[in-house]
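S.K.: Below you will find the structure I want to go over with you.
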Amino acid sequence: MSVFLGIDIGTTAIKIGVIQDNQVLYASESMLQTYGDAVVKYQKGHELLMTLKEAILTIPIIFRQQIETIAFSTAMHSLMPDNEYQQIFLWSDFQAAEAIEAFKKTDQAKQFYTISGTPIHAMSPFAKILALRNGYPENIHWYGIKELVLRYFTGKALIDYSTASATGLFDIHKKRWSNEILAYLKIEETQLGELADPTQLFEILPEICQVFDFKSSVKVMAGASDGVLAAYASFYRTGRSASLTIGTSAAVRQVVSDVRLNYGKQNFCYYLNEHYYVCGAPSNNGGCVLNWAAEQFERESLDFFVSLPDILAQTEVGAKNLRFWPFLNGERAPYWSNDITGGFQELTLQHRKNDMIRSIIEGLLLNIARLVELVAPNEELSISGGFFQTAVLGELASDIFGTTCYYAVENEPIFGLYYLLEQPKLPRENAKQIFSVNRANHDKYQEISKKYFYEIDQLLAQK
């Protein structure tokens with residue numbers, strides 16, 4: 001059987017998976033360094049490639065020499081002006097916040113959303129180019145993580161349709177760079193990556209084969225974006241079209257067969273392949289909020305996560321009426337605002353540390369519950385991401401969402417790459433953990449949710 005190497009380059013880590021006959025032979029994770037401040041967030045292209053090289057070299061040589069295909073999953077919304085600095089601005093970079101708020105008031109905002117399927121927000125490469133273009137030469141190439149790594153392996157700055165469709169520059173209907181959007185930005189198609197179908201295969205550079213002891217016959221598959229692949233992996237194994245991933249950030253996704261857009265709600269809709277698109281809604285505030293809480297309430301983060309089952313068992317639903325707005329990192333859906341902030345509401349002397357911790361988790365999940373209602377109402381969810389490695393959080397999520405949640409490690413981008421290429425015949429995956437709804441708790445959360453974000457909803461509605 002052929003050996004497959006899947007590489008998932010996220011915003012915090014590079015994950016490696018060597019797969020043969022549906023079984024993982026080897027897996028690893030290497031952390032990435034992010035630089036910047038509250039506004040600027042970037043990684044260094046040279047460092048990313050070095051980390052990637054080191055990660056591949058850790059794969060036992062016996063496996064490396066058997067690899068037939070290498071495929072890439074990369075984070076969405078990255079933008080790298082291709083100069084000597086190779087700064088990769090991430091989705092969380094908000095240098096474009098002011099420029100995109102002004103753009104929202106133009107006639108082109110709705111038109112460009114309808115063309116691209118990408119929400120009008122500072123996260124997108126469209127917004128970043130709009131804000132940053134005057135600081136770079138007119139003819140500079142605007143690439144991202146996918147173009148960087150595929151150029152390293154193939155010599156060509158390639159980008160797949162899926163990753164391109166999250167740039168805000170791609171016509172999702174015609175599968176090409178949008179003439180209208182590029183004309184607005186005053187850039188040429190030649191300044192962007194060369195488009196490729198996600199399953200398209202390319203020759204690898206001979207010198208790369210020598211570095212990694214690959215066979216000269218190895219092929220490189222363009223791949224897709226991480227969020228789309230996570231949704232597809234879940235769909236392929238379970239048949240459930242709706243999924244939720246909570247990692248550093250969070251997203252609810254639905255695998256669909258046609259383009260579905262709503263300018264008012266600003267859902268995203270990204271290309272996967274000729275049969276499927278992935279629609280959904282993202283939140284900036286996922287595991288990053290929980291990690292923040294761990295840093296504030298415990299000396300050791302591990303102690304915080306170990307104690308969560310006891311904390312939730314010892315506190316009541318609703319945390320004694322304490323509310324927490326989880327918008328510590330601004331927010332995408334449902335607000336699409338970089339100015340929104342978070343914090344405790346109705347905090348009193350009766351509240352203790354454990355009440356505060358519970359309210360942080362409840363606020364985080366109640367916000368995501370609104371995205372579930374927007375994208376996949378009344379549907380069972382496949383869930384994935386580091387957040388759910390603490391099982392009690394899966395139980396709480398099920399109670400708040402009011403739907404059964406299924407957790408399985410196979411709901412990951414590397415498996416999405418493998419299924420996209422190989423299309424293996426597999427039995428429906430039995431989830432490792434199934435979280436059923438406690439109806440009494442759900443009813444309480446339904447009541448709590450009615451006014452949980454009332455004040456901030458009203459304030460933003462007035463703007």
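Ligands are numbered from 1 in the order shown, chains are lettered A, B, ... in the order of the structure tokens, and residues start at 1 in each chain.
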Going by DSSP on the backbone, which bits of region 216-439 of chain A are helix (DSSP H, G or I)? Write them as a tab-separated table (two decimals) with N, CA and C atoms, in the first residue's frame, please.
M.R.:
chain	number	residue	atom	x	y	z
A	226	ASP	N	-7.19	24.44	6.22
A	226	ASP	CA	-7.38	23.58	7.40
A	226	ASP	C	-8.83	23.45	7.83
A	227	GLY	N	-9.58	24.55	7.85
A	227	GLY	CA	-10.96	24.49	8.30
A	227	GLY	C	-11.84	23.66	7.39
A	228	VAL	N	-11.67	23.83	6.09
A	228	VAL	CA	-12.44	23.07	5.12
A	228	VAL	C	-12.12	21.58	5.22
A	229	LEU	N	-10.85	21.26	5.41
A	229	LEU	CA	-10.44	19.86	5.50
A	229	LEU	C	-10.93	19.19	6.78
A	230	ALA	N	-10.95	19.95	7.88
A	230	ALA	CA	-11.48	19.38	9.13
A	230	ALA	C	-12.95	19.04	8.97
A	231	ALA	N	-13.69	19.93	8.31
A	231	ALA	CA	-15.12	19.67	8.07
A	231	ALA	C	-15.31	18.46	7.17
A	232	TYR	N	-14.47	18.35	6.15
A	232	TYR	CA	-14.60	17.23	5.21
A	232	TYR	C	-14.23	15.91	5.86
A	233	ALA	N	-13.20	15.91	6.69
A	233	ALA	CA	-12.81	14.68	7.39
A	233	ALA	C	-13.95	14.14	8.22
A	234	SER	N	-14.59	15.02	8.95
A	234	SER	CA	-15.72	14.62	9.77
A	234	SER	C	-16.87	14.10	8.91
A	235	PHE	N	-17.17	14.81	7.86
A	235	PHE	CA	-18.26	14.43	6.96
A	235	PHE	C	-17.99	13.08	6.31
A	236	TYR	N	-16.75	12.86	5.88
A	236	TYR	CA	-16.40	11.62	5.18
A	236	TYR	C	-16.52	10.41	6.10
A	237	ARG	N	-16.12	10.57	7.34
A	237	ARG	CA	-16.12	9.43	8.27
A	237	ARG	C	-17.46	9.18	8.93
A	238	THR	N	-18.24	10.23	9.12
A	238	THR	CA	-19.46	10.08	9.92
A	238	THR	C	-20.75	10.26	9.14
A	287	GLY	N	-10.18	28.38	22.34
A	287	GLY	CA	-9.26	27.95	23.39
A	287	GLY	C	-8.37	29.05	23.92
A	288	CYS	N	-8.18	30.12	23.14
A	288	CYS	CA	-7.34	31.23	23.62
A	288	CYS	C	-7.94	31.86	24.88
A	289	VAL	N	-9.27	31.87	24.97
A	289	VAL	CA	-9.93	32.43	26.16
A	289	VAL	C	-9.72	31.52	27.36
A	290	LEU	N	-9.81	30.21	27.13
A	290	LEU	CA	-9.60	29.26	28.22
A	290	LEU	C	-8.14	29.29	28.68
A	291	ASN	N	-7.22	29.43	27.74
A	291	ASN	CA	-5.81	29.54	28.12
A	291	ASN	C	-5.54	30.81	28.92
A	292	TRP	N	-6.21	31.89	28.54
A	292	TRP	CA	-6.10	33.14	29.30
A	292	TRP	C	-6.58	32.93	30.73
A	293	ALA	N	-7.71	32.24	30.88
A	293	ALA	CA	-8.25	31.97	32.21
A	293	ALA	C	-7.28	31.12	33.03
A	294	ALA	N	-6.67	30.13	32.37
A	294	ALA	CA	-5.72	29.27	33.08
A	294	ALA	C	-4.54	30.09	33.61
A	295	GLU	N	-4.08	31.04	32.81
A	295	GLU	CA	-2.96	31.88	33.24
A	295	GLU	C	-3.33	32.79	34.40
A	296	GLN	N	-4.58	33.21	34.46
A	296	GLN	CA	-5.00	34.14	35.51
A	296	GLN	C	-5.32	33.44	36.83
A	297	PHE	N	-5.82	32.20	36.75
A	297	PHE	CA	-6.34	31.56	37.95
A	297	PHE	C	-5.45	30.46	38.53
A	301	SER	N	-0.82	25.92	34.14
A	301	SER	CA	-2.00	25.73	33.29
A	301	SER	C	-2.55	24.32	33.38
A	302	LEU	N	-1.66	23.33	33.49
A	302	LEU	CA	-2.12	21.95	33.56
A	302	LEU	C	-3.03	21.74	34.76
A	303	ASP	N	-2.70	22.36	35.89
A	303	ASP	CA	-3.55	22.24	37.08
A	303	ASP	C	-4.95	22.78	36.82
A	304	PHE	N	-5.03	23.84	36.04
A	304	PHE	CA	-6.32	24.45	35.72
A	304	PHE	C	-7.20	23.45	34.97
A	305	PHE	N	-6.66	22.82	33.95
A	305	PHE	CA	-7.46	21.91	33.13
A	305	PHE	C	-7.81	20.63	33.90
A	306	VAL	N	-6.90	20.18	34.75
A	306	VAL	CA	-7.18	18.99	35.57
A	306	VAL	C	-8.32	19.26	36.54
A	307	SER	N	-8.41	20.51	37.01
A	307	SER	CA	-9.42	20.84	38.02
A	307	SER	C	-10.79	21.17	37.43
A	308	LEU	N	-10.89	21.32	36.11
A	308	LEU	CA	-12.17	21.74	35.52
A	308	LEU	C	-13.35	20.81	35.85
A	309	PRO	N	-13.20	19.47	35.79
A	309	PRO	CA	-14.35	18.62	36.14
A	309	PRO	C	-14.89	18.90	37.54
A	310	ASP	N	-13.98	19.08	38.51
A	310	ASP	CA	-14.43	19.36	39.88
A	310	ASP	C	-15.08	20.74	39.97
A	311	ILE	N	-14.51	21.72	39.29
A	311	ILE	CA	-15.07	23.08	39.33
A	311	ILE	C	-16.48	23.10	38.77
A	312	LEU	N	-16.69	22.44	37.64
A	312	LEU	CA	-18.02	22.43	37.03
A	312	LEU	C	-19.01	21.62	37.86
A	313	ALA	N	-18.52	20.58	38.53
A	313	ALA	CA	-19.40	19.77	39.37
A	313	ALA	C	-19.82	20.52	40.63
A	314	GLN	N	-18.96	21.42	41.10
A	314	GLN	CA	-19.22	22.12	42.36
A	314	GLN	C	-19.94	23.46	42.18
A	319	ALA	N	-23.70	30.07	36.92
A	319	ALA	CA	-22.66	30.69	37.75
A	319	ALA	C	-23.21	31.81	38.64
A	320	LYS	N	-24.34	31.53	39.29
A	320	LYS	CA	-24.96	32.52	40.19
A	320	LYS	C	-25.22	33.85	39.49
A	321	ASN	N	-25.73	33.75	38.26
A	321	ASN	CA	-26.10	34.92	37.44
A	321	ASN	C	-24.91	35.74	36.96
A	353	LYS	N	-13.93	32.36	42.89
A	353	LYS	CA	-13.09	32.01	41.75
A	353	LYS	C	-13.76	30.97	40.86
A	354	ASN	N	-14.31	29.93	41.47
A	354	ASN	CA	-14.90	28.86	40.67
A	354	ASN	C	-16.11	29.34	39.87
A	355	ASP	N	-16.89	30.28	40.45
A	355	ASP	CA	-18.01	30.87	39.70
A	355	ASP	C	-17.49	31.62	38.48
A	356	MET	N	-16.39	32.32	38.67
A	356	MET	CA	-15.81	33.08	37.56
A	356	MET	C	-15.31	32.15	36.46
A	357	ILE	N	-14.67	31.06	36.84
A	357	ILE	CA	-14.18	30.11	35.84
A	357	ILE	C	-15.34	29.50	35.07
A	358	ARG	N	-16.39	29.11	35.82
A	358	ARG	CA	-17.55	28.54	35.15
A	358	ARG	C	-18.18	29.54	34.18
A	359	SER	N	-18.27	30.80	34.59
A	359	SER	CA	-18.91	31.80	33.73
A	359	SER	C	-18.08	32.04	32.46
A	360	ILE	N	-16.74	31.94	32.56
A	360	ILE	CA	-15.89	32.09	31.38
A	360	ILE	C	-16.21	31.00	30.36
A	361	ILE	N	-16.32	29.76	30.83
A	361	ILE	CA	-16.61	28.64	29.93
A	361	ILE	C	-18.01	28.77	29.37
A	362	GLU	N	-18.98	29.14	30.21
A	362	GLU	CA	-20.35	29.28	29.74
A	362	GLU	C	-20.47	30.40	28.71
A	363	GLY	N	-19.83	31.52	28.97
A	363	GLY	CA	-19.90	32.63	28.03
A	363	GLY	C	-19.30	32.27	26.68
A	364	LEU	N	-18.18	31.56	26.72
A	364	LEU	CA	-17.53	31.10	25.50
A	364	LEU	C	-18.47	30.21	24.69
A	365	LEU	N	-19.09	29.24	25.34
A	365	LEU	CA	-19.95	28.29	24.64
A	365	LEU	C	-21.30	28.88	24.26
A	366	LEU	N	-21.83	29.79	25.05
A	366	LEU	CA	-23.09	30.45	24.68
A	366	LEU	C	-22.91	31.32	23.44
A	367	ASN	N	-21.73	31.91	23.29
A	367	ASN	CA	-21.45	32.67	22.07
A	367	ASN	C	-21.36	31.74	20.87
A	368	ILE	N	-20.69	30.61	21.03
A	368	ILE	CA	-20.58	29.65	19.94
A	368	ILE	C	-21.94	29.03	19.62
A	369	ALA	N	-22.80	28.91	20.62
A	369	ALA	CA	-24.15	28.36	20.40
A	369	ALA	C	-24.91	29.19	19.37
A	370	ARG	N	-24.65	30.49	19.34
A	370	ARG	CA	-25.32	31.33	18.35
A	370	ARG	C	-24.82	31.03	16.94
A	371	LEU	N	-23.56	30.63	16.83
A	371	LEU	CA	-23.02	30.25	15.54
A	371	LEU	C	-23.60	28.90	15.09
A	372	VAL	N	-23.78	28.00	16.05
A	372	VAL	CA	-24.42	26.71	15.75
A	372	VAL	C	-25.83	26.95	15.22
A	373	GLU	N	-26.54	27.86	15.85
A	373	GLU	CA	-27.91	28.18	15.42
A	373	GLU	C	-27.92	28.81	14.03
A	374	LEU	N	-26.89	29.57	13.73
A	374	LEU	CA	-26.79	30.23	12.42
A	374	LEU	C	-26.46	29.24	11.31
A	375	VAL	N	-25.54	28.33	11.59
A	375	VAL	CA	-25.01	27.45	10.53
A	375	VAL	C	-25.71	26.09	10.47
A	386	GLY	N	-8.49	20.87	20.43
A	386	GLY	CA	-7.92	20.67	21.75
A	386	GLY	C	-8.86	20.97	22.89
A	387	PHE	N	-9.81	21.88	22.69
A	387	PHE	CA	-10.77	22.25	23.73
A	387	PHE	C	-11.49	21.02	24.27
A	388	PHE	N	-11.82	20.08	23.40
A	388	PHE	CA	-12.65	18.95	23.79
A	388	PHE	C	-11.85	17.77	24.33
A	389	GLN	N	-10.54	17.94	24.46
A	389	GLN	CA	-9.76	16.89	25.10
A	389	GLN	C	-10.10	16.78	26.58
A	391	ALA	N	-13.06	16.12	28.65
A	391	ALA	CA	-14.36	15.56	28.30
A	391	ALA	C	-15.53	16.35	28.88
A	392	VAL	N	-15.37	16.90	30.07
A	392	VAL	CA	-16.47	17.61	30.70
A	392	VAL	C	-16.89	18.83	29.88
A	393	LEU	N	-15.98	19.37	29.09
A	393	LEU	CA	-16.33	20.50	28.23
A	393	LEU	C	-17.22	20.05	27.07
A	394	GLY	N	-17.03	18.82	26.62
A	394	GLY	CA	-17.94	18.27	25.62
A	394	GLY	C	-19.33	18.10	26.17
A	395	GLU	N	-19.43	17.66	27.42
A	395	GLU	CA	-20.74	17.50	28.06
A	395	GLU	C	-21.45	18.85	28.19
A	396	LEU	N	-20.69	19.86	28.62
A	396	LEU	CA	-21.27	21.19	28.79
A	396	LEU	C	-21.70	21.77	27.44
A	397	ALA	N	-20.89	21.56	26.41
A	397	ALA	CA	-21.24	22.04	25.08
A	397	ALA	C	-22.54	21.43	24.59
A	398	SER	N	-22.70	20.14	24.80
A	398	SER	CA	-23.93	19.46	24.38
A	398	SER	C	-25.14	20.03	25.10
A	399	ASP	N	-25.00	20.29	26.41
A	399	ASP	CA	-26.11	20.87	27.17
A	399	ASP	C	-26.47	22.27	26.67
A	400	ILE	N	-25.46	23.07	26.37
A	400	ILE	CA	-25.72	24.45	25.94
A	400	ILE	C	-26.28	24.48	24.51
A	401	PHE	N	-25.73	23.66	23.61
A	401	PHE	CA	-26.21	23.66	22.23
A	401	PHE	C	-27.54	22.95	22.07
A	413	PRO	N	-7.55	18.02	9.87
A	413	PRO	CA	-7.22	18.33	8.47
A	413	PRO	C	-6.38	17.27	7.76
A	414	ILE	N	-5.44	16.63	8.46
A	414	ILE	CA	-4.59	15.63	7.80
A	414	ILE	C	-5.43	14.48	7.27
A	415	PHE	N	-6.42	14.06	8.03
A	415	PHE	CA	-7.31	13.01	7.54
A	415	PHE	C	-8.15	13.52	6.38
A	416	GLY	N	-8.55	14.79	6.43
A	416	GLY	CA	-9.28	15.38	5.31
A	416	GLY	C	-8.48	15.32	4.03
A	417	LEU	N	-7.17	15.61	4.11
A	417	LEU	CA	-6.29	15.50	2.94
A	417	LEU	C	-6.25	14.07	2.41
A	418	TYR	N	-6.10	13.14	3.33
A	418	TYR	CA	-5.99	11.72	2.96
A	418	TYR	C	-7.26	11.24	2.27
A	419	TYR	N	-8.42	11.58	2.85
A	419	TYR	CA	-9.69	11.15	2.26
A	419	TYR	C	-9.92	11.82	0.90
A	420	LEU	N	-9.51	13.07	0.80
A	420	LEU	CA	-9.70	13.82	-0.45
A	420	LEU	C	-8.93	13.16	-1.58
A	421	LEU	N	-7.74	12.68	-1.29
A	421	LEU	CA	-6.91	12.05	-2.31
A	421	LEU	C	-7.30	10.60	-2.56
A	422	GLU	N	-7.37	9.81	-1.50
A	422	GLU	CA	-7.51	8.37	-1.63
A	422	GLU	C	-8.95	7.90	-1.78
A	439	ARG	N	-31.40	17.48	29.32
A	439	ARG	CA	-32.48	18.38	28.93
A	439	ARG	C	-32.80	19.41	30.02
S.K.: So which residues touch Phe170 (chain A) within 12 Å, counting only C-alpha atoms, skipping near sequence neighbours fewer than 4 positions away, as number ranges by chain?
M.R.: A: 112-118, 124-126, 159-166, 174-182, 189, 192-195, 269-271
S.K.: Output as a PDB file with N, CA and C atoms, in the first residue's frame all residues of region 191-308 of chain A that backbone DSSP marks as strand (DSSP E).
M.R.:
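The resulting file, out_33.pdb, is shown below:
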ATOM      1  N   GLU A 194      -0.209  30.836  -8.421  1.00  0.00           N
ATOM      2  CA  GLU A 194      -0.804  30.088  -9.537  1.00  0.00           C
ATOM      3  C   GLU A 194      -1.855  29.132  -8.977  1.00  0.00           C
ATOM      4  N   LEU A 195      -3.067  29.199  -9.512  1.00  0.00           N
ATOM      5  CA  LEU A 195      -4.187  28.424  -8.983  1.00  0.00           C
ATOM      6  C   LEU A 195      -4.111  26.957  -9.388  1.00  0.00           C
ATOM      7  N   ALA A 196      -4.558  26.084  -8.470  1.00  0.00           N
ATOM      8  CA  ALA A 196      -4.552  24.646  -8.731  1.00  0.00           C
ATOM      9  C   ALA A 196      -5.743  23.999  -8.039  1.00  0.00           C
ATOM     10  N   LEU A 201      -1.750  17.089  -8.712  1.00  0.00           N
ATOM     11  CA  LEU A 201      -0.434  16.589  -8.312  1.00  0.00           C
ATOM     12  C   LEU A 201       0.675  17.277  -9.112  1.00  0.00           C
ATOM     13  N   PHE A 202       1.796  17.525  -8.420  1.00  0.00           N
ATOM     14  CA  PHE A 202       2.928  18.207  -9.036  1.00  0.00           C
ATOM     15  C   PHE A 202       4.219  17.439  -8.771  1.00  0.00           C
ATOM     16  N   GLU A 203       5.192  17.650  -9.663  1.00  0.00           N
ATOM     17  CA  GLU A 203       6.505  17.047  -9.492  1.00  0.00           C
ATOM     18  C   GLU A 203       7.242  17.742  -8.350  1.00  0.00           C
ATOM     19  N   LYS A 219       4.975  12.604  -5.449  1.00  0.00           N
ATOM     20  CA  LYS A 219       4.147  13.672  -5.992  1.00  0.00           C
ATOM     21  C   LYS A 219       3.680  14.582  -4.850  1.00  0.00           C
ATOM     22  N   VAL A 220       3.494  15.860  -5.185  1.00  0.00           N
ATOM     23  CA  VAL A 220       3.010  16.850  -4.212  1.00  0.00           C
ATOM     24  C   VAL A 220       1.599  17.248  -4.588  1.00  0.00           C
ATOM     25  N   MET A 221       0.662  17.061  -3.654  1.00  0.00           N
ATOM     26  CA  MET A 221      -0.732  17.451  -3.871  1.00  0.00           C
ATOM     27  C   MET A 221      -0.964  18.831  -3.276  1.00  0.00           C
ATOM     28  N   ALA A 222      -1.658  19.699  -4.023  1.00  0.00           N
ATOM     29  CA  ALA A 222      -1.861  21.083  -3.579  1.00  0.00           C
ATOM     30  C   ALA A 222      -2.580  21.160  -2.240  1.00  0.00           C
ATOM     31  N   GLY A 223      -3.580  20.302  -2.026  1.00  0.00           N
ATOM     32  CA  GLY A 223      -4.291  20.297  -0.749  1.00  0.00           C
ATOM     33  C   GLY A 223      -5.342  21.381  -0.654  1.00  0.00           C
ATOM     34  N   ALA A 224      -5.663  21.778   0.585  1.00  0.00           N
ATOM     35  CA  ALA A 224      -6.741  22.734   0.820  1.00  0.00           C
ATOM     36  C   ALA A 224      -6.461  23.484   2.114  1.00  0.00           C
ATOM     37  N   SER A 225      -7.458  24.197   2.625  1.00  0.00           N
ATOM     38  CA  SER A 225      -7.294  24.949   3.873  1.00  0.00           C
ATOM     39  C   SER A 225      -7.704  24.097   5.062  1.00  0.00           C
ATOM     40  N   ALA A 242     -22.489  18.630   9.651  1.00  0.00           N
ATOM     41  CA  ALA A 242     -22.221  19.764  10.545  1.00  0.00           C
ATOM     42  C   ALA A 242     -21.108  19.427  11.528  1.00  0.00           C
ATOM     43  N   SER A 243     -20.205  20.377  11.739  1.00  0.00           N
ATOM     44  CA  SER A 243     -19.096  20.133  12.656  1.00  0.00           C
ATOM     45  C   SER A 243     -18.712  21.421  13.378  1.00  0.00           C
ATOM     46  N   LEU A 244     -18.061  21.234  14.510  1.00  0.00           N
ATOM     47  CA  LEU A 244     -17.542  22.345  15.304  1.00  0.00           C
ATOM     48  C   LEU A 244     -16.108  22.030  15.702  1.00  0.00           C
ATOM     49  N   THR A 245     -15.222  22.970  15.447  1.00  0.00           N
ATOM     50  CA  THR A 245     -13.840  22.855  15.900  1.00  0.00           C
ATOM     51  C   THR A 245     -13.538  23.998  16.850  1.00  0.00           C
ATOM     52  N   ILE A 246     -13.020  23.673  18.024  1.00  0.00           N
ATOM     53  CA  ILE A 246     -12.544  24.709  18.940  1.00  0.00           C
ATOM     54  C   ILE A 246     -11.079  24.426  19.230  1.00  0.00           C
ATOM     55  N   ALA A 250     -12.431  29.307  16.964  1.00  0.00           N
ATOM     56  CA  ALA A 250     -13.507  28.326  16.839  1.00  0.00           C
ATOM     57  C   ALA A 250     -14.256  28.557  15.533  1.00  0.00           C
ATOM     58  N   ALA A 251     -14.882  27.503  15.016  1.00  0.00           N
ATOM     59  CA  ALA A 251     -15.701  27.655  13.819  1.00  0.00           C
ATOM     60  C   ALA A 251     -16.734  26.540  13.760  1.00  0.00           C
ATOM     61  N   VAL A 252     -17.939  26.908  13.369  1.00  0.00           N
ATOM     62  CA  VAL A 252     -19.000  25.951  13.077  1.00  0.00           C
ATOM     63  C   VAL A 252     -19.080  25.860  11.559  1.00  0.00           C
ATOM     64  N   ARG A 253     -19.120  24.623  11.021  1.00  0.00           N
ATOM     65  CA  ARG A 253     -19.082  24.450   9.571  1.00  0.00           C
ATOM     66  C   ARG A 253     -20.131  23.447   9.105  1.00  0.00           C
ATOM     67  N   GLN A 254     -20.565  23.638   7.877  1.00  0.00           N
ATOM     68  CA  GLN A 254     -21.536  22.749   7.253  1.00  0.00           C
ATOM     69  C   GLN A 254     -21.048  22.419   5.847  1.00  0.00           C
ATOM     70  N   VAL A 255     -20.928  21.131   5.541  1.00  0.00           N
ATOM     71  CA  VAL A 255     -20.566  20.709   4.190  1.00  0.00           C
ATOM     72  C   VAL A 255     -21.835  20.727   3.338  1.00  0.00           C
ATOM     73  N   VAL A 256     -21.792  21.476   2.224  1.00  0.00           N
ATOM     74  CA  VAL A 256     -22.971  21.656   1.362  1.00  0.00           C
ATOM     75  C   VAL A 256     -22.574  21.423  -0.087  1.00  0.00           C
ATOM     76  N   PHE A 268     -19.289  32.487   5.931  1.00  0.00           N
ATOM     77  CA  PHE A 268     -18.322  32.222   4.876  1.00  0.00           C
ATOM     78  C   PHE A 268     -18.789  31.041   4.039  1.00  0.00           C
ATOM     79  N   CYS A 269     -18.295  30.961   2.819  1.00  0.00           N
ATOM     80  CA  CYS A 269     -18.553  29.804   1.969  1.00  0.00           C
ATOM     81  C   CYS A 269     -17.312  29.586   1.117  1.00  0.00           C
ATOM     82  N   TYR A 270     -16.606  28.466   1.358  1.00  0.00           N
ATOM     83  CA  TYR A 270     -15.330  28.206   0.704  1.00  0.00           C
ATOM     84  C   TYR A 270     -15.401  26.930  -0.133  1.00  0.00           C
ATOM     85  N   TYR A 271     -14.648  26.923  -1.188  1.00  0.00           N
ATOM     86  CA  TYR A 271     -14.608  25.792  -2.119  1.00  0.00           C
ATOM     87  C   TYR A 271     -13.843  24.614  -1.501  1.00  0.00           C
ATOM     88  N   TYR A 277     -18.844  22.469  -1.046  1.00  0.00           N
ATOM     89  CA  TYR A 277     -18.371  23.711  -0.447  1.00  0.00           C
ATOM     90  C   TYR A 277     -18.518  23.563   1.057  1.00  0.00           C
ATOM     91  N   VAL A 278     -17.840  24.409   1.794  1.00  0.00           N
ATOM     92  CA  VAL A 278     -17.992  24.417   3.249  1.00  0.00           C
ATOM     93  C   VAL A 278     -18.422  25.820   3.672  1.00  0.00           C
ATOM     94  N   CYS A 279     -19.615  25.892   4.254  1.00  0.00           N
ATOM     95  CA  CYS A 279     -20.139  27.164   4.757  1.00  0.00           C
ATOM     96  C   CYS A 279     -20.009  27.182   6.277  1.00  0.00           C
ATOM     97  N   GLY A 280     -19.968  28.371   6.852  1.00  0.00           N
ATOM     98  CA  GLY A 280     -19.874  28.405   8.300  1.00  0.00           C
ATOM     99  C   GLY A 280     -19.687  29.785   8.870  1.00  0.00           C
ATOM    100  N   ALA A 281     -19.388  29.790  10.157  1.00  0.00           N
ATOM    101  CA  ALA A 281     -19.191  31.035  10.895  1.00  0.00           C
ATOM    102  C   ALA A 281     -18.054  30.836  11.891  1.00  0.00           C
ATOM    103  N   PRO A 282     -17.087  31.765  11.921  1.00  0.00           N
ATOM    104  CA  PRO A 282     -15.935  31.640  12.810  1.00  0.00           C
ATOM    105  C   PRO A 282     -16.005  32.579  14.013  1.00  0.00           C
ATOM    106  N   SER A 283     -15.368  32.171  15.089  1.00  0.00           N
ATOM    107  CA  SER A 283     -15.206  33.034  16.264  1.00  0.00           C
ATOM    108  C   SER A 283     -13.718  33.186  16.558  1.00  0.00           C
TER     109      SER A 283
END
S.K.: Near region 21-32 of chain A, within 7 Å and counting only C-alpha atoms, which residues show up once chain neighbours fewer than 2 positions away are dropped, as a list in words?
M.R.: Met1, Thr12, Ala13, Ile14, Lys15, Ile16, Gly17, Val18, Ile19, Thr34, Leu48 and Ala55 of chain A
S.K.: Go ahead and save the residues from that selection, with N, CA and C atoms, as a compact mmCIF listing (two decimals), in the first residue's frame.
M.R.:
# COMPACT_ATOMS: atom_id res chain seq x y z
N MET A 1 0.84 -1.19 0.00
CA MET A 1 0.00 0.00 0.00
C MET A 1 0.88 1.25 0.00
N THR A 12 -0.49 27.92 15.06
CA THR A 12 0.31 27.68 16.26
C THR A 12 1.28 26.51 16.13
N ALA A 13 1.03 25.63 15.17
CA ALA A 13 1.87 24.43 15.08
C ALA A 13 1.82 23.82 13.69
N ILE A 14 2.84 23.00 13.41
CA ILE A 14 2.87 22.16 12.22
C ILE A 14 2.66 20.73 12.67
N LYS A 15 1.64 20.08 12.12
CA LYS A 15 1.36 18.70 12.45
C LYS A 15 1.70 17.81 11.26
N ILE A 16 2.32 16.69 11.57
CA ILE A 16 2.75 15.72 10.57
C ILE A 16 1.98 14.42 10.78
N GLY A 17 1.51 13.82 9.69
CA GLY A 17 0.86 12.53 9.79
C GLY A 17 1.27 11.63 8.63
N VAL A 18 1.86 10.49 8.92
CA VAL A 18 2.20 9.50 7.90
C VAL A 18 1.15 8.40 7.97
N ILE A 19 0.45 8.18 6.86
CA ILE A 19 -0.69 7.27 6.85
C ILE A 19 -0.51 6.21 5.77
N THR A 34 4.98 33.07 16.88
CA THR A 34 4.27 34.21 16.33
C THR A 34 4.83 35.49 16.96
N LEU A 48 9.36 29.30 9.51
CA LEU A 48 8.32 28.29 9.25
C LEU A 48 8.90 27.15 8.41
N ALA A 55 10.70 19.03 11.18
CA ALA A 55 9.60 18.10 11.49
C ALA A 55 9.62 16.91 10.55
S.K.: Sorted by chain and rising residue number, list the residues of region 301-390 of chain A at most 12 Å from region 75-93 of chain A (counting only C-alpha atoms), each with its closest atom pair and distance in Å to one decimal, as a Markdown table.
M.R.:
| residue | atom | partner | partner_atom | distance |
| --- | --- | --- | --- | --- |
| A:Asn329 | CA | A:Ser92 | CA | 8.5 |
| A:Gly330 | CA | A:Ser92 | CA | 9.5 |
| A:Glu331 | CA | A:Ser92 | CA | 10.2 |
| A:Arg332 | CA | A:Ser92 | CA | 10.3 |
| A:Asn338 | CA | A:Ser92 | CA | 10.1 |
S.K.: Identify which of the residues A:Ser449, A:Gln462, A:Ser382, A:Asn267 lies closest to Phe435 (chain A), counting only C-alpha atoms when measuring atom-to-atom distances.
M.R.: A:Ser382
S.K.: Between A:Ser337, A:Gln210, A:Gln423, A:Thr348, which has the minimum distance to Ile456 (chain A) (counting only C-alpha atoms)?
M.R.: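 Among the listed residues, the smallest separation from Ile456 (chain A) belongs to A:Ser337.
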